[in-house]
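Enquirer: Got a structure here, written out as structure tokens. Questions coming.
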Amino acid sequence: MTVRTIVAIGAAAISLFGVLPGAASATDYCVLPNTGCGGTNVDTFQKALDLADNAPDADRILLGAVTYVAPTTGGFDYSEAGAPVEIIGKGAGQTILTAPTGASSVLRLFGSSDSSVHDLGIKTPANVAVDYAGLSTDGLARRIDVTDAQPQIGTDRTGVHLENGGTLEDSSVALNGIPTRGVWIDVGGGTVRGSSIAAYFALSSAYGARIERSRFVTSGGGVIAGRNLTTIDNSVIVVGQNGVALAANPQPGSPATLNADGITILTPDHISTRAVWAATPAAPAENAQVNVRNSIIQGGKFEASAMGAGHAGIAISYSDLDPGGDEINGANASITESHTTNVGDPGFADPQLGDFHLLPSSPLIDAGDPGTPAGLDMEGSPRLVDGNGDGTARRDMGAFEYQTGLGTSGAPPPPLPAVDPGAGTPPADTQAPVIIGFRATPSAFALARAATPISARNARGTRFRYTLSEAARVTLKLQRVRPGRRYVTVGTLRRSAAQGMNHIRFTGRIGVRALRPGHYRGVISATDTAGNHSALRRAAFRIARA
């Protein structure tokens, strides 16, 4: 077959650097209408950005629960490497940044790795310019939701652009149509962790990247490596027809290596769909290598294509896959497999609803590489659990480790930071709660006769299970799956929850109102006493007919 270059990676981003004399104490800028933050009130967001870069101190900009529209199509801009800044919103669903129609950007934040933006949404305006990027940064972007607006005119656009070590964490990107890139990692590399990315090309790594505990939904390309080394661990990739999940596509002057460990890949079994692809069409003299281990690969072919002197290789070990779809093109191309299986049904909890936890009966429990060191899975639960009860703890295949005694997920909370009792006034709490191991047990059940309390002082029951890193107020939204994979909220439960393991009993009723049989999901979040919000966690369940 003819091999097509999946994505063209190039175009260097421009960073502006400036050094200004003098020193000053850090300032909090309160952007209207957020007048109660205790700092200096400023009438516009861009004005606060301009004030923050006047001195090499670490200022903060606090935004209100409104939509801020950039004054120009260039978007909001902060480019001062010597003056880090922290931009703080009221939450991704409350503080929204956008720009006029035809914009090339919404927010450019270049103030070194010490700069950050968190807890806000970025909305792509209509009919954006060529090479549009919603957020571009070399700092930390945390709890950011990037969404599209309609109409678009088919312009190539990117949700998040990272460079020089920029990080996207606990965030989501959802872009519509072709051509779109969820995350573009540029010169200097970057990191994506704990995030959900949906776009035609989910993630393009032009200069190397670190990807952890993330979910990718794509119809074109999942994770595409163009130069240097890209690693992806403990993640899920769902690919549509004609797409590719993992790809190494080197560019002139640099090989491309993609290492994947603990990945769950779902692709349609179609002649034009690739689970793994290593090829050298853009740089025939360079090497393309994809290494996969401890993974579950359902559907899709494996293709290695060497166009010249460079080598194109795929090496798969301790993974479950269909071995019948290999395609090798060129004398310098190879596909190798070691300790692989093809069990047929991997034993997912509910793949139709995107729940890829392993059931207790799964043959892929304790089937991974016995030499893999301990670590954490996609939900932060411990690896190397003796899931099959044979007396030996061993790695499972796929993104989720089966947790004995907790059904398909769950984990002890991470340790809290130590507090020095002699330190005087404790610092302000800025650490968000962490929810681990959220799931419904059982995932399919009939209605019970009793009502579910809508509000309760203490968490109780056995239906929804989760672990909290600290005491917090928990909100659980119950959403029904509608045609077209839409979700409609049908009820909300609220609880006061303690640090550690918690339970919410759910009978299939909101109060006394019975929910109709069908597929649902729970979406849980936690807020501590300081007002810090956790990332969202989701669990699928089904109400069966009695």
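Ordered as shown in the structure tokens, chains take letters A, B, and onward, while each chain numbers its residues from 1 and ligands are numbered from 1 in the order shown.
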Show me a table, sorted first by chain and then by increasing residue number, of the residues of range 134-217 of chain A having an atom at most 9 Å from range 239-248 of chain A, each with its shortest atom pair and the distance in Å to one decimal, counting only C-alpha atoms and written as CSV.

Expert:
residue,atom,partner,partner_atom,distance
A:Tyr200,CA,A:Gly243,CA,8.8
A:Phe216,CA,A:Val239,CA,8.2
A:Val217,CA,A:Val239,CA,6.0

Enquirer: Set the distance at 7 Å and use only C-alpha atoms: which residues neighbour Asp53 in chain A once local chain neighbours fewer than 4 positions away are removed? I'd like the list as JSON, numbers by chain.

Expert: {"A": [49, 80, 83]}

Enquirer: Write out the residues from the selection above, keeping C-alpha atoms, as a short mmCIF file (atom, residue, chain, number, x, y, z; two decimals), in the first residue's frame.

Expert:
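Below is the file that was written, selection_24.cif:
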data_model
loop_
_atom_site.label_atom_id
_atom_site.label_comp_id
_atom_site.auth_asym_id
_atom_site.auth_seq_id
_atom_site.Cartn_x
_atom_site.Cartn_y
_atom_site.Cartn_z
CA LEU A 49 -0.95 40.98 31.97
CA GLU A 80 8.27 37.90 29.62
CA ALA A 83 8.81 37.65 35.19
#

Enquirer: List as an MDAnalysis selection string the protein and nucleic acid residues near range 104-114 of chain A, meaning an atom at most 8 Å away when only C-alpha atoms are counted, but skip any in the same chain fewer than 5 places from it.

Expert: chainID A and resid 15:16 70 73:85 97:99 122:124 128:140 165:166

Enquirer: Would you kindly return, as number ranges by chain, each protein, DNA or RNA residue with an atom no farther than 12 Å from any atom of Ser219 in chain A, considering only C-alpha atoms and excluding same-chain residues fewer than 6 positions away?

Expert: A: 6, 175-182, 197-203, 237-245, 266-268, 272-274

Enquirer: Could you write those residues out with C-alpha atoms, as an mmCIF file, in the first residue's frame?

Expert:
data_model
loop_
_atom_site.group_PDB
_atom_site.id
_atom_site.type_symbol
_atom_site.label_atom_id
_atom_site.label_comp_id
_atom_site.auth_asym_id
_atom_site.auth_seq_id
_atom_site.Cartn_x
_atom_site.Cartn_y
_atom_site.Cartn_z
ATOM 1 C CA ILE A 6 0.264 11.238 8.864
ATOM 2 C CA LEU A 175 -11.959 19.934 18.956
ATOM 3 C CA ASN A 176 -14.313 19.126 16.089
ATOM 4 C CA GLY A 177 -13.637 18.177 12.486
ATOM 5 C CA ILE A 178 -10.614 18.112 10.182
ATOM 6 C CA PRO A 179 -7.907 19.249 10.447
ATOM 7 C CA THR A 180 -7.508 19.653 14.205
ATOM 8 C CA ARG A 181 -4.718 18.880 16.697
ATOM 9 C CA GLY A 182 -5.585 18.483 20.347
ATOM 10 C CA ILE A 197 -7.831 14.794 24.440
ATOM 11 C CA ALA A 198 -10.268 14.492 21.517
ATOM 12 C CA ALA A 199 -9.301 15.766 18.051
ATOM 13 C CA TYR A 200 -8.524 14.518 14.554
ATOM 14 C CA PHE A 201 -4.845 14.339 15.583
ATOM 15 C CA ALA A 202 -4.953 13.957 19.355
ATOM 16 C CA LEU A 203 -1.273 14.622 20.163
ATOM 17 C CA ILE A 237 -6.350 5.446 23.022
ATOM 18 C CA VAL A 238 -9.607 5.011 21.094
ATOM 19 C CA VAL A 239 -9.240 5.342 17.309
ATOM 20 C CA GLY A 240 -11.819 5.628 14.545
ATOM 21 C CA GLN A 241 -11.747 4.035 11.116
ATOM 22 C CA ASN A 242 -8.739 5.046 8.936
ATOM 23 C CA GLY A 243 -6.811 6.295 11.967
ATOM 24 C CA VAL A 244 -3.648 5.209 13.790
ATOM 25 C CA ALA A 245 -3.134 4.882 17.554
ATOM 26 C CA LEU A 266 -9.200 0.203 20.812
ATOM 27 C CA THR A 267 -9.387 0.448 17.012
ATOM 28 C CA PRO A 268 -11.864 -0.894 14.438
ATOM 29 C CA SER A 272 -6.974 1.153 6.605
ATOM 30 C CA THR A 273 -6.702 1.360 10.406
ATOM 31 C CA ARG A 274 -3.339 1.063 12.161
#

Enquirer: As an exercise, work out the distance from CA of Arg495 in chain A to CA of Gly93 in chain A in Å and give it to one decimal place.

Expert: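 Atom-to-atom, CA of Arg495 in chain A to CA of Gly93 in chain A, that is 21.1 Å.
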
Enquirer: Write out as a ChimeraX atom specification all residues of range 153-287 of chain A that backbone DSSP assigns to strand (DSSP E).

Expert: /A:157-162,166-169,172-174,180-185,190-193,196-198,201-205,209-212,215-218,221-225,228-239,244-248,256-266,274-279

Enquirer: Deliver the residues from the most recent selection as a file, using C-alpha atoms, as an mmCIF file, in the first residue's frame.

Expert:
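Dumped everything to part.cif:
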data_model
loop_
_atom_site.group_PDB
_atom_site.id
_atom_site.type_symbol
_atom_site.label_atom_id
_atom_site.label_comp_id
_atom_site.auth_asym_id
_atom_site.auth_seq_id
_atom_site.Cartn_x
_atom_site.Cartn_y
_atom_site.Cartn_z
ATOM 1 C CA ARG A 157 -6.185 24.576 14.433
ATOM 2 C CA THR A 158 -4.619 23.386 17.689
ATOM 3 C CA GLY A 159 -6.110 23.266 21.165
ATOM 4 C CA VAL A 160 -2.920 23.461 23.260
ATOM 5 C CA HIS A 161 0.629 24.242 22.070
ATOM 6 C CA LEU A 162 3.446 23.348 24.512
ATOM 7 C CA GLY A 166 5.394 23.191 29.078
ATOM 8 C CA THR A 167 2.918 20.947 30.896
ATOM 9 C CA LEU A 168 -0.795 20.216 30.474
ATOM 10 C CA GLU A 169 -2.275 18.525 33.539
ATOM 11 C CA SER A 172 -9.436 18.363 28.609
ATOM 12 C CA VAL A 173 -9.290 19.342 24.940
ATOM 13 C CA ALA A 174 -12.193 18.679 22.560
ATOM 14 C CA THR A 180 -7.508 19.653 14.205
ATOM 15 C CA ARG A 181 -4.718 18.880 16.697
ATOM 16 C CA GLY A 182 -5.585 18.483 20.347
ATOM 17 C CA VAL A 183 -2.051 19.029 21.665
ATOM 18 C CA TRP A 184 1.032 20.077 19.693
ATOM 19 C CA ILE A 185 4.352 19.647 21.536
ATOM 20 C CA GLY A 190 6.570 18.998 26.994
ATOM 21 C CA THR A 191 4.404 16.862 29.275
ATOM 22 C CA VAL A 192 0.743 15.810 29.270
ATOM 23 C CA ARG A 193 -0.692 14.006 32.294
ATOM 24 C CA SER A 196 -8.500 13.835 28.065
ATOM 25 C CA ILE A 197 -7.831 14.794 24.440
ATOM 26 C CA ALA A 198 -10.268 14.492 21.517
ATOM 27 C CA PHE A 201 -4.845 14.339 15.583
ATOM 28 C CA ALA A 202 -4.953 13.957 19.355
ATOM 29 C CA LEU A 203 -1.273 14.622 20.163
ATOM 30 C CA SER A 204 1.648 15.485 17.876
ATOM 31 C CA SER A 205 5.064 15.360 19.552
ATOM 32 C CA ALA A 209 7.255 14.372 25.126
ATOM 33 C CA ARG A 210 6.226 12.645 28.327
ATOM 34 C CA ILE A 211 2.595 11.437 28.423
ATOM 35 C CA GLU A 212 1.018 9.896 31.529
ATOM 36 C CA ARG A 215 -7.200 9.330 27.421
ATOM 37 C CA PHE A 216 -7.174 10.025 23.677
ATOM 38 C CA VAL A 217 -10.098 9.812 21.251
ATOM 39 C CA THR A 218 -9.208 10.354 17.604
ATOM 40 C CA GLY A 221 -3.864 9.941 14.877
ATOM 41 C CA GLY A 222 -3.570 9.195 18.588
ATOM 42 C CA VAL A 223 0.034 9.884 19.635
ATOM 43 C CA ILE A 224 2.440 10.794 16.820
ATOM 44 C CA ALA A 225 6.184 11.134 17.488
ATOM 45 C CA ASN A 228 13.672 12.436 19.657
ATOM 46 C CA LEU A 229 11.987 10.296 22.359
ATOM 47 C CA THR A 230 8.295 10.283 23.275
ATOM 48 C CA THR A 231 7.017 8.091 26.116
ATOM 49 C CA ILE A 232 3.407 7.263 26.954
ATOM 50 C CA ASP A 233 2.392 5.284 30.039
ATOM 51 C CA ASN A 234 -0.875 4.075 31.584
ATOM 52 C CA SER A 235 -3.211 5.605 29.021
ATOM 53 C CA VAL A 236 -6.167 4.760 26.766
ATOM 54 C CA ILE A 237 -6.350 5.446 23.022
ATOM 55 C CA VAL A 238 -9.607 5.011 21.094
ATOM 56 C CA VAL A 239 -9.240 5.342 17.309
ATOM 57 C CA VAL A 244 -3.648 5.209 13.790
ATOM 58 C CA ALA A 245 -3.134 4.882 17.554
ATOM 59 C CA LEU A 246 0.680 5.078 17.938
ATOM 60 C CA ALA A 247 3.034 6.371 15.245
ATOM 61 C CA ALA A 248 6.747 7.169 14.835
ATOM 62 C CA ALA A 256 11.803 9.234 16.259
ATOM 63 C CA THR A 257 11.309 6.737 19.096
ATOM 64 C CA LEU A 258 7.981 6.091 20.811
ATOM 65 C CA ASN A 259 7.928 3.950 23.976
ATOM 66 C CA ALA A 260 4.491 2.837 25.176
ATOM 67 C CA ASP A 261 3.900 0.973 28.460
ATOM 68 C CA GLY A 262 0.536 0.007 29.935
ATOM 69 C CA ILE A 263 -1.652 1.218 27.079
ATOM 70 C CA THR A 264 -5.173 0.115 26.201
ATOM 71 C CA ILE A 265 -5.803 0.635 22.467
ATOM 72 C CA LEU A 266 -9.200 0.203 20.812
ATOM 73 C CA ARG A 274 -3.339 1.063 12.161
ATOM 74 C CA ALA A 275 -2.799 0.260 15.823
ATOM 75 C CA VAL A 276 0.962 0.892 15.527
ATOM 76 C CA TRP A 277 2.802 2.555 12.637
ATOM 77 C CA ALA A 278 6.534 3.176 12.170
ATOM 78 C CA ALA A 279 7.589 4.685 8.840
#

Enquirer: For Gln352 in chain A, find every residue with an atom within 12 Å (counting only C-alpha atoms), except residues of its own chain fewer than 2 positions away, and show them as an mmCIF file with N, CA and C atoms, in the first residue's frame.

Expert:
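Result file around-v1.cif:
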data_model
loop_
_atom_site.group_PDB
_atom_site.id
_atom_site.type_symbol
_atom_site.label_atom_id
_atom_site.label_comp_id
_atom_site.auth_asym_id
_atom_site.auth_seq_id
_atom_site.Cartn_x
_atom_site.Cartn_y
_atom_site.Cartn_z
ATOM 1 N N VAL A 238 -8.486 5.527 21.875
ATOM 2 C CA VAL A 238 -9.607 5.011 21.094
ATOM 3 C C VAL A 238 -9.550 5.668 19.716
ATOM 4 N N LEU A 266 -8.000 0.722 21.464
ATOM 5 C CA LEU A 266 -9.200 0.203 20.812
ATOM 6 C C LEU A 266 -9.292 0.820 19.420
ATOM 7 N N PHE A 348 -12.977 -6.635 29.599
ATOM 8 C CA PHE A 348 -13.217 -5.264 30.024
ATOM 9 C C PHE A 348 -14.545 -5.177 30.779
ATOM 10 N N ALA A 349 -14.625 -4.224 31.718
ATOM 11 C CA ALA A 349 -15.832 -4.068 32.528
ATOM 12 C C ALA A 349 -17.030 -3.655 31.681
ATOM 13 N N ASP A 350 -16.863 -2.639 30.830
ATOM 14 C CA ASP A 350 -17.952 -2.189 29.957
ATOM 15 C C ASP A 350 -17.352 -1.379 28.812
ATOM 16 N N GLY A 354 -16.848 2.794 27.452
ATOM 17 C CA GLY A 354 -15.494 3.276 27.668
ATOM 18 C C GLY A 354 -14.888 2.891 28.999
ATOM 19 N N ASP A 355 -15.422 1.855 29.652
ATOM 20 C CA ASP A 355 -14.867 1.388 30.924
ATOM 21 C C ASP A 355 -13.959 0.196 30.635
ATOM 22 N N PHE A 356 -12.638 0.441 30.641
ATOM 23 C CA PHE A 356 -11.672 -0.589 30.272
ATOM 24 C C PHE A 356 -10.939 -1.169 31.478
ATOM 25 N N VAL A 481 -26.826 8.206 29.064
ATOM 26 C CA VAL A 481 -26.241 8.203 27.725
ATOM 27 C C VAL A 481 -27.370 8.283 26.703
ATOM 28 N N ARG A 485 -23.810 9.572 21.675
ATOM 29 C CA ARG A 485 -22.871 9.651 22.807
ATOM 30 C C ARG A 485 -23.006 10.965 23.555
ATOM 31 N N HIS A 519 -28.080 2.923 29.894
ATOM 32 C CA HIS A 519 -26.680 3.160 30.201
ATOM 33 C C HIS A 519 -26.504 4.556 30.786
ATOM 34 N N TYR A 520 -25.677 4.653 31.827
ATOM 35 C CA TYR A 520 -25.438 5.901 32.520
ATOM 36 C C TYR A 520 -23.945 6.034 32.837
ATOM 37 N N ARG A 521 -23.580 7.181 33.353
ATOM 38 C CA ARG A 521 -22.264 7.340 33.960
ATOM 39 C C ARG A 521 -22.385 8.269 35.160
ATOM 40 N N ALA A 540 -18.801 4.278 34.464
ATOM 41 C CA ALA A 540 -19.977 3.852 33.715
ATOM 42 C C ALA A 540 -20.773 2.828 34.520
ATOM 43 N N PHE A 541 -22.103 2.864 34.351
ATOM 44 C CA PHE A 541 -22.945 1.836 34.950
ATOM 45 C C PHE A 541 -24.204 1.673 34.103
ATOM 46 N N ARG A 542 -24.933 0.603 34.347
ATOM 47 C CA ARG A 542 -26.141 0.315 33.586
ATOM 48 C C ARG A 542 -27.252 -0.115 34.531
#

Enquirer: Pick out the residues sitting within 9 Å of Cys30 in chain A, and hand them over as JSON, numbers by chain; count only C-alpha atoms, and ignore anything fewer than 2 positions along from it in its own chain.

Expert: {"A": [28, 32, 33, 34, 35, 36, 37, 38, 39, 40, 41, 42, 43, 45, 48, 60, 61, 62, 63, 64]}

Enquirer: Show me, as a list in words, the residues that have an atom within 8 Å of Asp322 in chain A when counting only C-alpha atoms, minus same-chain residues fewer than 6 positions from it.

Expert: Ile297, Gln298, Gly299, Thr341 and Asn342 of chain A

Enquirer: Restricted to N, CA and C atoms, what would the selected residues look like written as an mmCIF file, in the first residue's frame?

Expert:
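File written: part-v2.cif
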data_model
loop_
_atom_site.group_PDB
_atom_site.id
_atom_site.type_symbol
_atom_site.label_atom_id
_atom_site.label_comp_id
_atom_site.auth_asym_id
_atom_site.auth_seq_id
_atom_site.Cartn_x
_atom_site.Cartn_y
_atom_site.Cartn_z
ATOM 1 N N ILE A 297 -4.173 -4.434 22.895
ATOM 2 C CA ILE A 297 -4.424 -3.822 21.593
ATOM 3 C C ILE A 297 -5.554 -4.599 20.922
ATOM 4 N N GLN A 298 -6.698 -3.959 20.800
ATOM 5 C CA GLN A 298 -7.869 -4.573 20.199
ATOM 6 C C GLN A 298 -8.103 -3.980 18.814
ATOM 7 N N GLY A 299 -7.881 -4.765 17.756
ATOM 8 C CA GLY A 299 -8.110 -4.321 16.390
ATOM 9 C C GLY A 299 -6.932 -3.564 15.818
ATOM 10 N N THR A 341 0.115 -12.490 23.553
ATOM 11 C CA THR A 341 -1.022 -13.397 23.591
ATOM 12 C C THR A 341 -2.128 -12.848 22.697
ATOM 13 N N ASN A 342 -3.119 -13.693 22.465
ATOM 14 C CA ASN A 342 -4.316 -13.291 21.736
ATOM 15 C C ASN A 342 -5.492 -14.013 22.381
#

Enquirer: Quote the spacing between CA of Asp320 in chain A and CA of Thr340 in chain A in Å to one decimal place.

Expert: 5.6 Å

Enquirer: Just how far from CA of Pro281 in chain A is CA of Gly226 in chain A, in Å to one decimal?

Expert: 11.5 Å
